[in-house]
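Written out below as structure tokens is the structure these notes cover.
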Amino acid sequence: MTVTDVFILDTSGYPYLARCYGGIACKANPDHSLLTAFFAALSAFANELNQNHLENVIFDELGLVFEQEDDIIVVVGVEEEKSLDSERPLAKKIKATFLKNDLFKNFDNEESLIVQIDELVDKHAMGDIKPLVTKRRRNFFNRLKSIFS
């Protein structure tokens, strides 16, 4: 999975933050107010159909993961849409980070928020390397043990 874009907006479509990680949406539409209005409209449409929330939107080459709490919507764009549920934890972490920073109340935290979100996306892209490190460490110790036994 490759995260391409991250959008944070309110339910009226007002964009709080849009980050491009090489995604189609950012390259094609540098005016993010159009995209965020579209995302807000999709979310509102789900509400009109008596749905609790919108989860995913899938296009042929792009998947969108929606995570909403109160009036805040986080949209994570993903190139490979085969298993968008694996991107949901990232969307939840971004939402929690945004709400914790109160960016919509205090615009002085924007730079800090951008750094935190970039770190979350980078960490998510790397995956969990702990099992790999543990396995390599175990092999190293086993080799040492065999040399000295």
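Labels for the structure tokens follow display order: chains A, B, ..., residues from 1 in each chain, ligands from 1.
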**Request:** List the neighbours of Leu99 in chain A out to 12 Å using only C-alpha atoms; skip same-chain residues closer than 6 positions along the sequence, and give me the result as a list in words.
**Result:** Ile8, Leu9, Asp10, Tyr16, Gln68, Glu69, Asp70, Asp71, Ile72, Ile73, Val74, Lys92, Lys93, Lys105, Asn106, Asn109 and Leu113 of chain A
For the residues selected in the previous step, produce a file with N, CA and C atoms as an mmCIF file, in the first residue's frame.
data_model
loop_
_atom_site.group_PDB
_atom_site.id
_atom_site.type_symbol
_atom_site.label_atom_id
_atom_site.label_comp_id
_atom_site.auth_asym_id
_atom_site.auth_seq_id
_atom_site.Cartn_x
_atom_site.Cartn_y
_atom_site.Cartn_z
ATOM 1 N N ILE A 8 -7.372 16.659 5.710
ATOM 2 C CA ILE A 8 -8.141 16.853 6.946
ATOM 3 C C ILE A 8 -9.056 18.035 6.683
ATOM 4 N N LEU A 9 -10.338 17.823 6.930
ATOM 5 C CA LEU A 9 -11.322 18.857 6.635
ATOM 6 C C LEU A 9 -12.448 18.789 7.644
ATOM 7 N N ASP A 10 -13.275 19.822 7.625
ATOM 8 C CA ASP A 10 -14.478 19.727 8.452
ATOM 9 C C ASP A 10 -15.633 19.300 7.555
ATOM 10 N N TYR A 16 -8.496 21.893 6.453
ATOM 11 C CA TYR A 16 -7.527 22.247 7.492
ATOM 12 C C TYR A 16 -6.114 21.924 7.039
ATOM 13 N N GLN A 68 -14.019 9.681 10.389
ATOM 14 C CA GLN A 68 -14.718 10.883 10.830
ATOM 15 C C GLN A 68 -15.000 10.833 12.326
ATOM 16 N N GLU A 69 -14.868 11.983 12.956
ATOM 17 C CA GLU A 69 -15.266 12.146 14.346
ATOM 18 C C GLU A 69 -15.833 13.541 14.501
ATOM 19 N N ASP A 70 -17.053 13.616 14.980
ATOM 20 C CA ASP A 70 -17.767 14.884 15.107
ATOM 21 C C ASP A 70 -17.752 15.605 13.764
ATOM 22 N N ASP A 71 -17.147 16.793 13.718
ATOM 23 C CA ASP A 71 -17.137 17.580 12.480
ATOM 24 C C ASP A 71 -15.836 17.460 11.699
ATOM 25 N N ILE A 72 -14.969 16.555 12.082
ATOM 26 C CA ILE A 72 -13.667 16.402 11.428
ATOM 27 C C ILE A 72 -13.663 15.139 10.565
ATOM 28 N N ILE A 73 -13.179 15.284 9.334
ATOM 29 C CA ILE A 73 -13.049 14.154 8.414
ATOM 30 C C ILE A 73 -11.584 14.053 7.997
ATOM 31 N N VAL A 74 -11.036 12.857 8.106
ATOM 32 C CA VAL A 74 -9.693 12.568 7.601
ATOM 33 C C VAL A 74 -9.863 11.641 6.406
ATOM 34 N N LYS A 92 -6.927 6.716 11.627
ATOM 35 C CA LYS A 92 -7.319 6.963 13.023
ATOM 36 C C LYS A 92 -6.218 7.707 13.780
ATOM 37 N N LYS A 93 -4.958 7.326 13.538
ATOM 38 C CA LYS A 93 -3.838 8.006 14.204
ATOM 39 C C LYS A 93 -3.737 9.462 13.756
ATOM 40 N N LYS A 105 -8.403 25.178 16.192
ATOM 41 C CA LYS A 105 -8.552 26.244 17.182
ATOM 42 C C LYS A 105 -7.298 27.101 17.278
ATOM 43 N N ASN A 106 -6.155 26.515 16.951
ATOM 44 C CA ASN A 106 -4.882 27.201 17.151
ATOM 45 C C ASN A 106 -3.980 26.950 15.940
ATOM 46 N N ASN A 109 0.029 25.701 15.576
ATOM 47 C CA ASN A 109 0.546 24.327 15.654
ATOM 48 C C ASN A 109 0.663 23.659 14.296
ATOM 49 N N LEU A 113 2.135 19.889 13.485
ATOM 50 C CA LEU A 113 1.193 18.872 13.019
ATOM 51 C C LEU A 113 1.678 18.231 11.724
#
**Message:** I want to know what sits within 7 Å of range 38-41 of chain A, based on only C-alpha atoms, with residues of the same chain fewer than 3 positions away left out; could you give that as a PyMOL selection string?
**Reply:** chain A and resi 11-13+34-35+44-45
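Distance annotation: of A:Met126, A:Val78, A:Leu42, A:Val65, the residue with the minimal separation from Ala91 in chain A is A:Val65; atom set is only C-alpha atoms.
Shortest atom-to-atom contact with Glu110 in chain A among A:Asp122, A:Asn56, A:Glu87, A:Phe98: A:Phe98, counting only C-alpha atoms.
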**Request:** Check the DSSP output for the backbone and give back, as a list in words, the residues of range 10-125 of chain A in strand (DSSP E or B).
**Result:** Asp10, Pro15, Tyr16, Leu17, Ala18, Arg19, Cys20, Asn56, Val57, Ile58, Gly63, Leu64, Val65, Phe66, Glu67, Gln68, Glu69, Ile72, Ile73, Val74, Val75, Val76, Gly77 and Val78 of chain A
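CA of Phe66 in chain A to CA of Leu54 in chain A spans 6.2 Å [interatomic distance, one decimal].
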